[in-house]
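The file my_file_16.txt contains compact mmCIF, N, CA and C atoms:
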```
# COMPACT_ATOMS: atom_id res chain seq x y z
N MET A 1 162.80 86.17 85.97
CA MET A 1 163.28 87.50 86.26
C MET A 1 162.09 88.44 86.48
N LYS A 2 162.20 89.30 87.48
CA LYS A 2 161.13 90.23 87.79
C LYS A 2 161.15 91.42 86.85
N SER A 3 159.97 91.92 86.51
CA SER A 3 159.91 93.11 85.68
C SER A 3 160.05 94.35 86.57
N ALA A 4 160.27 95.49 85.94
CA ALA A 4 160.45 96.73 86.69
C ALA A 4 159.19 97.10 87.46
N GLN A 5 158.02 96.78 86.90
CA GLN A 5 156.76 97.10 87.58
C GLN A 5 156.55 96.22 88.81
N ASP A 6 157.16 95.03 88.85
CA ASP A 6 157.05 94.17 90.03
C ASP A 6 157.97 94.64 91.15
N ILE A 7 159.01 95.39 90.82
CA ILE A 7 159.97 95.85 91.83
C ILE A 7 159.54 97.19 92.41
N ILE A 8 159.24 98.17 91.55
CA ILE A 8 158.79 99.48 92.00
C ILE A 8 157.27 99.43 92.11
N LEU A 9 156.74 99.49 93.34
CA LEU A 9 155.31 99.34 93.55
C LEU A 9 154.56 100.67 93.50
N ALA A 10 155.10 101.71 94.15
CA ALA A 10 154.39 102.99 94.19
C ALA A 10 155.35 104.09 94.64
N PRO A 11 155.08 105.34 94.23
CA PRO A 11 155.86 106.46 94.76
C PRO A 11 155.36 106.79 96.16
N VAL A 12 156.25 107.32 96.98
CA VAL A 12 155.87 107.76 98.32
C VAL A 12 155.79 109.28 98.29
N ILE A 13 154.58 109.81 98.51
CA ILE A 13 154.35 111.25 98.44
C ILE A 13 154.05 111.75 99.86
N THR A 14 155.08 112.26 100.52
CA THR A 14 154.92 112.88 101.84
C THR A 14 155.69 114.20 101.83
N GLU A 15 155.50 115.00 102.85
CA GLU A 15 156.24 116.26 102.93
C GLU A 15 157.74 116.01 102.99
N LYS A 16 158.14 115.03 103.78
CA LYS A 16 159.56 114.75 103.92
C LYS A 16 160.17 114.22 102.62
N SER A 17 159.45 113.35 101.93
CA SER A 17 159.99 112.81 100.69
C SER A 17 160.04 113.87 99.59
N MET A 18 159.13 114.83 99.61
CA MET A 18 159.12 115.87 98.59
C MET A 18 160.22 116.90 98.80
N THR A 19 160.77 117.02 100.00
CA THR A 19 161.89 117.94 100.22
C THR A 19 163.16 117.45 99.52
N GLY A 20 163.27 116.16 99.28
CA GLY A 20 164.44 115.61 98.60
C GLY A 20 164.41 115.75 97.10
N VAL A 21 163.29 116.17 96.52
CA VAL A 21 163.18 116.28 95.07
C VAL A 21 164.18 117.29 94.53
N GLY A 22 164.43 118.38 95.25
CA GLY A 22 165.41 119.38 94.81
C GLY A 22 166.82 118.84 94.76
N GLN A 23 167.12 117.82 95.58
CA GLN A 23 168.44 117.20 95.60
C GLN A 23 168.49 115.94 94.74
N LYS A 24 167.44 115.73 93.93
CA LYS A 24 167.30 114.55 93.06
C LYS A 24 167.26 113.25 93.87
N LYS A 25 166.53 113.28 94.99
CA LYS A 25 166.29 112.09 95.80
C LYS A 25 164.80 111.78 95.74
N TYR A 26 164.47 110.57 95.30
CA TYR A 26 163.08 110.17 95.10
C TYR A 26 162.80 108.92 95.92
N THR A 27 161.62 108.86 96.53
CA THR A 27 161.26 107.78 97.43
C THR A 27 160.19 106.90 96.80
N PHE A 28 160.40 105.57 96.89
CA PHE A 28 159.47 104.61 96.31
C PHE A 28 159.18 103.50 97.31
N LYS A 29 157.97 102.94 97.21
CA LYS A 29 157.63 101.69 97.90
C LYS A 29 158.04 100.57 96.96
N VAL A 30 158.84 99.63 97.45
CA VAL A 30 159.38 98.58 96.59
C VAL A 30 159.00 97.21 97.14
N ALA A 31 159.23 96.19 96.32
CA ALA A 31 158.95 94.81 96.73
C ALA A 31 159.84 94.45 97.92
N PRO A 32 159.33 93.69 98.88
CA PRO A 32 160.10 93.38 100.09
C PRO A 32 161.36 92.57 99.83
N ASN A 33 161.41 91.82 98.75
CA ASN A 33 162.60 91.00 98.48
C ASN A 33 163.49 91.63 97.41
N ALA A 34 163.25 92.88 97.03
CA ALA A 34 164.06 93.55 96.01
C ALA A 34 165.40 93.99 96.59
N GLU A 35 166.45 93.86 95.79
CA GLU A 35 167.79 94.28 96.20
C GLU A 35 168.11 95.63 95.57
N LYS A 36 169.16 96.28 96.09
CA LYS A 36 169.50 97.63 95.64
C LYS A 36 169.81 97.68 94.14
N ILE A 37 170.52 96.71 93.64
CA ILE A 37 170.88 96.70 92.22
C ILE A 37 169.63 96.54 91.35
N GLU A 38 168.71 95.67 91.78
CA GLU A 38 167.46 95.50 91.04
C GLU A 38 166.63 96.78 91.04
N ILE A 39 166.61 97.47 92.18
CA ILE A 39 165.85 98.71 92.29
C ILE A 39 166.44 99.77 91.37
N ALA A 40 167.76 99.88 91.34
CA ALA A 40 168.42 100.87 90.47
C ALA A 40 168.12 100.60 89.00
N LYS A 41 168.20 99.34 88.58
CA LYS A 41 167.93 99.00 87.19
C LYS A 41 166.47 99.26 86.83
N ALA A 42 165.55 98.98 87.77
CA ALA A 42 164.13 99.20 87.52
C ALA A 42 163.82 100.68 87.35
N VAL A 43 164.41 101.54 88.19
CA VAL A 43 164.18 102.98 88.09
C VAL A 43 164.75 103.51 86.78
N GLU A 44 165.94 103.04 86.41
CA GLU A 44 166.55 103.47 85.15
C GLU A 44 165.70 103.05 83.96
N GLU A 45 165.12 101.87 84.02
CA GLU A 45 164.28 101.38 82.92
C GLU A 45 162.96 102.12 82.83
N LEU A 46 162.31 102.35 83.97
CA LEU A 46 160.99 102.97 83.96
C LEU A 46 161.03 104.46 83.63
N PHE A 47 162.02 105.19 84.14
CA PHE A 47 162.03 106.64 84.03
C PHE A 47 163.13 107.20 83.13
N SER A 48 163.97 106.36 82.55
CA SER A 48 165.06 106.78 81.65
C SER A 48 165.98 107.80 82.31
N VAL A 49 166.48 107.46 83.50
CA VAL A 49 167.40 108.31 84.25
C VAL A 49 168.61 107.48 84.66
N LYS A 50 169.64 108.14 85.22
CA LYS A 50 170.82 107.44 85.72
C LYS A 50 170.82 107.50 87.25
N VAL A 51 170.95 106.35 87.88
CA VAL A 51 170.91 106.25 89.34
C VAL A 51 172.33 106.26 89.88
N GLN A 52 172.56 107.10 90.89
CA GLN A 52 173.86 107.16 91.55
C GLN A 52 173.90 106.24 92.76
N LYS A 53 172.83 106.27 93.58
CA LYS A 53 172.84 105.54 94.84
C LYS A 53 171.43 105.15 95.23
N VAL A 54 171.30 104.01 95.94
CA VAL A 54 170.01 103.55 96.44
C VAL A 54 170.16 103.22 97.92
N ASN A 55 169.30 103.81 98.74
CA ASN A 55 169.23 103.47 100.16
C ASN A 55 167.90 102.77 100.41
N THR A 56 167.93 101.65 101.13
CA THR A 56 166.70 100.91 101.42
C THR A 56 166.50 100.79 102.91
N MET A 57 165.23 100.64 103.30
CA MET A 57 164.92 100.44 104.71
C MET A 57 163.58 99.71 104.82
N HIS A 58 163.43 98.95 105.88
CA HIS A 58 162.18 98.27 106.17
C HIS A 58 161.37 99.15 107.12
N VAL A 59 160.12 99.39 106.77
CA VAL A 59 159.22 100.22 107.58
C VAL A 59 158.27 99.28 108.29
N LEU A 60 158.28 99.33 109.61
CA LEU A 60 157.40 98.48 110.40
C LEU A 60 155.98 99.00 110.36
N GLY A 61 155.03 98.09 110.46
CA GLY A 61 153.62 98.48 110.47
C GLY A 61 153.27 99.18 111.78
N ARG A 62 152.30 100.09 111.70
CA ARG A 62 151.86 100.81 112.89
C ARG A 62 150.78 100.01 113.61
N LYS A 63 150.68 100.22 114.91
CA LYS A 63 149.62 99.58 115.68
C LYS A 63 148.33 100.36 115.50
N ARG A 64 147.26 99.66 115.19
CA ARG A 64 145.96 100.28 114.98
C ARG A 64 144.91 99.58 115.83
N ARG A 65 143.95 100.36 116.32
CA ARG A 65 142.85 99.81 117.11
C ARG A 65 141.53 100.09 116.44
N GLN A 66 140.63 99.16 116.55
CA GLN A 66 139.26 99.37 116.10
C GLN A 66 138.36 98.73 117.14
N GLY A 67 137.84 99.57 118.01
CA GLY A 67 137.05 99.05 119.13
C GLY A 67 137.96 98.31 120.10
N TYR A 68 137.59 97.07 120.42
CA TYR A 68 138.40 96.28 121.34
C TYR A 68 139.54 95.56 120.61
N ASN A 69 139.42 95.44 119.30
CA ASN A 69 140.42 94.71 118.54
C ASN A 69 141.60 95.62 118.21
N SER A 70 142.78 95.04 118.23
CA SER A 70 143.96 95.79 117.83
C SER A 70 144.82 94.91 116.93
N GLY A 71 145.59 95.55 116.08
CA GLY A 71 146.46 94.83 115.17
C GLY A 71 147.47 95.79 114.58
N PHE A 72 148.18 95.32 113.58
CA PHE A 72 149.21 96.12 112.95
C PHE A 72 148.93 96.26 111.46
N THR A 73 149.26 97.43 110.90
CA THR A 73 149.21 97.59 109.45
C THR A 73 150.39 96.81 108.86
N PRO A 74 150.37 96.49 107.59
CA PRO A 74 151.45 95.68 107.01
C PRO A 74 152.78 96.42 107.00
N SER A 75 153.86 95.68 107.19
CA SER A 75 155.21 96.22 107.04
C SER A 75 155.53 96.29 105.56
N TRP A 76 156.46 97.20 105.17
CA TRP A 76 156.81 97.37 103.78
C TRP A 76 158.25 97.85 103.66
N LYS A 77 158.75 97.87 102.45
CA LYS A 77 160.13 98.27 102.20
C LYS A 77 160.14 99.56 101.40
N LYS A 78 161.01 100.50 101.80
CA LYS A 78 161.10 101.80 101.18
C LYS A 78 162.49 101.97 100.59
N ALA A 79 162.58 102.60 99.41
CA ALA A 79 163.86 102.87 98.77
C ALA A 79 163.95 104.35 98.45
N ILE A 80 165.08 104.97 98.82
CA ILE A 80 165.36 106.36 98.46
C ILE A 80 166.42 106.31 97.38
N VAL A 81 166.06 106.77 96.18
CA VAL A 81 166.92 106.68 95.01
C VAL A 81 167.50 108.06 94.73
N THR A 82 168.84 108.15 94.66
CA THR A 82 169.52 109.39 94.33
C THR A 82 170.01 109.30 92.89
N LEU A 83 169.69 110.32 92.10
CA LEU A 83 170.09 110.36 90.70
C LEU A 83 171.41 111.10 90.55
N THR A 84 172.09 110.86 89.42
CA THR A 84 173.35 111.57 89.16
C THR A 84 173.05 113.03 88.88
N ALA A 85 174.08 113.88 88.99
CA ALA A 85 173.90 115.32 88.81
C ALA A 85 173.51 115.68 87.38
N ASP A 86 174.02 114.93 86.39
CA ASP A 86 173.72 115.25 84.99
C ASP A 86 172.44 114.59 84.49
N SER A 87 171.78 113.80 85.32
CA SER A 87 170.54 113.13 84.92
C SER A 87 169.36 114.08 85.04
N LYS A 88 168.36 113.87 84.19
CA LYS A 88 167.14 114.68 84.29
C LYS A 88 166.30 114.16 85.44
N GLY A 89 165.38 114.99 85.93
CA GLY A 89 164.52 114.60 87.04
C GLY A 89 163.38 113.71 86.58
N ILE A 90 162.67 113.14 87.54
CA ILE A 90 161.50 112.31 87.24
C ILE A 90 160.29 113.24 87.17
N GLU A 91 159.62 113.25 86.03
CA GLU A 91 158.55 114.22 85.76
C GLU A 91 157.39 114.11 86.74
N PHE A 92 157.06 112.91 87.19
CA PHE A 92 155.94 112.74 88.11
C PHE A 92 156.17 113.53 89.39
N PHE A 93 157.37 113.43 89.96
CA PHE A 93 157.67 114.15 91.20
C PHE A 93 157.84 115.64 90.95
N GLU A 94 158.41 116.01 89.81
CA GLU A 94 158.63 117.42 89.50
C GLU A 94 157.31 118.17 89.38
N SER A 95 156.27 117.51 88.85
CA SER A 95 154.98 118.20 88.72
C SER A 95 154.29 118.35 90.07
N MET A 96 154.65 117.53 91.05
CA MET A 96 154.03 117.62 92.37
C MET A 96 154.65 118.73 93.20
N ALA A 97 155.93 119.02 92.99
CA ALA A 97 156.65 119.99 93.83
C ALA A 97 156.34 121.42 93.49
```

Structure re-expressed in C-alpha cells:
Amino acid sequence: MKSAQDIILAPVITEKSMTGVGQKKYTFKVAPNAEKIEIAKAVEELFSVKVQKVNTMHVLGRKRRQGYNSGFTPSWKKAIVTLTADSKGIEFFESMA
C-alpha cells in the first residue's frame, strides 16, 4: 500500500491555482498512477481535512529547445481537491494567499 507522501508529490503554486483557495480548492501534483479515492484519503491524512470532491487531469509536457536539440518536459498528473464547507483550510496555501 502506498503512503500519503507517495501519492501527494507537491503543491502547485500558480496564480490560477491560488484563486481557488477562497473556494477551498487546492491543487497538487500527484503520482501518475494515483486514483481519486487514494488522493482524497491522502489529503485527509496529511492535512486533517474533509474532502468533498477530487478532479484529476494529465498535463502533457511542453516542447523545449536547447540549440539544435529539442525535446519535451516530463508529463505529470494534477489533482484539484475541493474541501467540504465545514472543513478548515490547508494552512500552507492560506499563508501564501

Considering only C-alpha atoms, return as JSON, numbers by chain whatever protein or nucleic-acid residues lie within 8 Å of Ile39 of chain A, sequence-local ones (same chain, fewer than 3 positions apart) excluded.
{"A": [7, 8, 30, 34, 35, 36, 42, 43, 54, 79]}

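Restricting the calculation to all atoms listed in the file, the smallest distance between Tyr26 of chain A and any of A:Ala4, A:Ala40, A:Val81, A:Met96 is found for A:Val81.
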
Using the chain letters and numbers from this document, which residues of segment 1-52 of chain A does DSSP assign to helix (DSSP H, G or I), as a ChimeraX atom specification?
/A:4-7,15-23,36-47

Could you write out that same residue set with N, CA and C atoms as a CSV table (one decimal), keeping the file's coordinate frame?
```csv
chain,number,residue,atom,x,y,z
A,4,ALA,N,160.3,95.5,85.9
A,4,ALA,CA,160.4,96.7,86.7
A,4,ALA,C,159.2,97.1,87.5
A,5,GLN,N,158.0,96.8,86.9
A,5,GLN,CA,156.8,97.1,87.6
A,5,GLN,C,156.6,96.2,88.8
A,6,ASP,N,157.2,95.0,88.8
A,6,ASP,CA,157.0,94.2,90.0
A,6,ASP,C,158.0,94.6,91.2
A,7,ILE,N,159.0,95.4,90.8
A,7,ILE,CA,160.0,95.8,91.8
A,7,ILE,C,159.5,97.2,92.4
A,15,GLU,N,155.5,115.0,102.8
A,15,GLU,CA,156.2,116.3,102.9
A,15,GLU,C,157.7,116.0,103.0
A,16,LYS,N,158.1,115.0,103.8
A,16,LYS,CA,159.6,114.8,103.9
A,16,LYS,C,160.2,114.2,102.6
A,17,SER,N,159.4,113.4,101.9
A,17,SER,CA,160.0,112.8,100.7
A,17,SER,C,160.0,113.9,99.6
A,18,MET,N,159.1,114.8,99.6
A,18,MET,CA,159.1,115.9,98.6
A,18,MET,C,160.2,116.9,98.8
A,19,THR,N,160.8,117.0,100.0
A,19,THR,CA,161.9,117.9,100.2
A,19,THR,C,163.2,117.4,99.5
A,20,GLY,N,163.3,116.2,99.3
A,20,GLY,CA,164.4,115.6,98.6
A,20,GLY,C,164.4,115.8,97.1
A,21,VAL,N,163.3,116.2,96.5
A,21,VAL,CA,163.2,116.3,95.1
A,21,VAL,C,164.2,117.3,94.5
A,22,GLY,N,164.4,118.4,95.2
A,22,GLY,CA,165.4,119.4,94.8
A,22,GLY,C,166.8,118.8,94.8
A,23,GLN,N,167.1,117.8,95.6
A,23,GLN,CA,168.4,117.2,95.6
A,23,GLN,C,168.5,115.9,94.7
A,36,LYS,N,169.2,96.3,96.1
A,36,LYS,CA,169.5,97.6,95.6
A,36,LYS,C,169.8,97.7,94.1
A,37,ILE,N,170.5,96.7,93.6
A,37,ILE,CA,170.9,96.7,92.2
A,37,ILE,C,169.6,96.5,91.4
A,38,GLU,N,168.7,95.7,91.8
A,38,GLU,CA,167.5,95.5,91.0
A,38,GLU,C,166.6,96.8,91.0
A,39,ILE,N,166.6,97.5,92.2
A,39,ILE,CA,165.8,98.7,92.3
A,39,ILE,C,166.4,99.8,91.4
A,40,ALA,N,167.8,99.9,91.3
A,40,ALA,CA,168.4,100.9,90.5
A,40,ALA,C,168.1,100.6,89.0
A,41,LYS,N,168.2,99.3,88.6
A,41,LYS,CA,167.9,99.0,87.2
A,41,LYS,C,166.5,99.3,86.8
A,42,ALA,N,165.6,99.0,87.8
A,42,ALA,CA,164.1,99.2,87.5
A,42,ALA,C,163.8,100.7,87.4
A,43,VAL,N,164.4,101.5,88.2
A,43,VAL,CA,164.2,103.0,88.1
A,43,VAL,C,164.8,103.5,86.8
A,44,GLU,N,165.9,103.0,86.4
A,44,GLU,CA,166.6,103.5,85.2
A,44,GLU,C,165.7,103.0,84.0
A,45,GLU,N,165.1,101.9,84.0
A,45,GLU,CA,164.3,101.4,82.9
A,45,GLU,C,163.0,102.1,82.8
A,46,LEU,N,162.3,102.4,84.0
A,46,LEU,CA,161.0,103.0,84.0
A,46,LEU,C,161.0,104.5,83.6
A,47,PHE,N,162.0,105.2,84.1
A,47,PHE,CA,162.0,106.6,84.0
A,47,PHE,C,163.1,107.2,83.1
```

Compile the contact shell of Gln52 of chain A as a list in words: residues with an atom at most 6.5 Å away, counting all atoms listed in the file, same-chain residues fewer than 5 positions apart removed.
Val81, Thr82, Leu83 and Thr84 of chain A

For the residues in that selection, give me N, CA and C atoms as an mmCIF file, keeping the file's coordinate frame.
```cif
data_model
loop_
_atom_site.group_PDB
_atom_site.id
_atom_site.type_symbol
_atom_site.label_atom_id
_atom_site.label_comp_id
_atom_site.auth_asym_id
_atom_site.auth_seq_id
_atom_site.Cartn_x
_atom_site.Cartn_y
_atom_site.Cartn_z
ATOM 1 N N VAL A 81 166.060 106.770 96.180
ATOM 2 C CA VAL A 81 166.920 106.680 95.010
ATOM 3 C C VAL A 81 167.500 108.060 94.730
ATOM 4 N N THR A 82 168.840 108.150 94.660
ATOM 5 C CA THR A 82 169.520 109.390 94.330
ATOM 6 C C THR A 82 170.010 109.300 92.890
ATOM 7 N N LEU A 83 169.690 110.320 92.100
ATOM 8 C CA LEU A 83 170.090 110.360 90.700
ATOM 9 C C LEU A 83 171.410 111.100 90.550
ATOM 10 N N THR A 84 172.090 110.860 89.420
ATOM 11 C CA THR A 84 173.350 111.570 89.160
ATOM 12 C C THR A 84 173.050 113.030 88.880
#
```

From A:Ile90, A:Ala85, A:Leu46, A:Ile80, residue lying nearest Thr27 of chain A [only N, CA and C atoms]:
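When distances to Thr27 of chain A are compared using only N, CA and C atoms, the smallest one comes from A:Ile80.
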
Strand (DSSP E or B) per DSSP on the backbone: members of chain A, as an MDAnalysis selection string
chainID A and resid 8:11 25:30 51:59 63:66 69:72 76:83

Find the distance between atom CA of Asp6 of chain A and atom CA of Arg64 of chain A and write it in Å to one decimal.
28.0 Å

So how many Å separate atom C of Lys53 of chain A and atom C of Phe72 of chain A, to one decimal?
29.1 Å
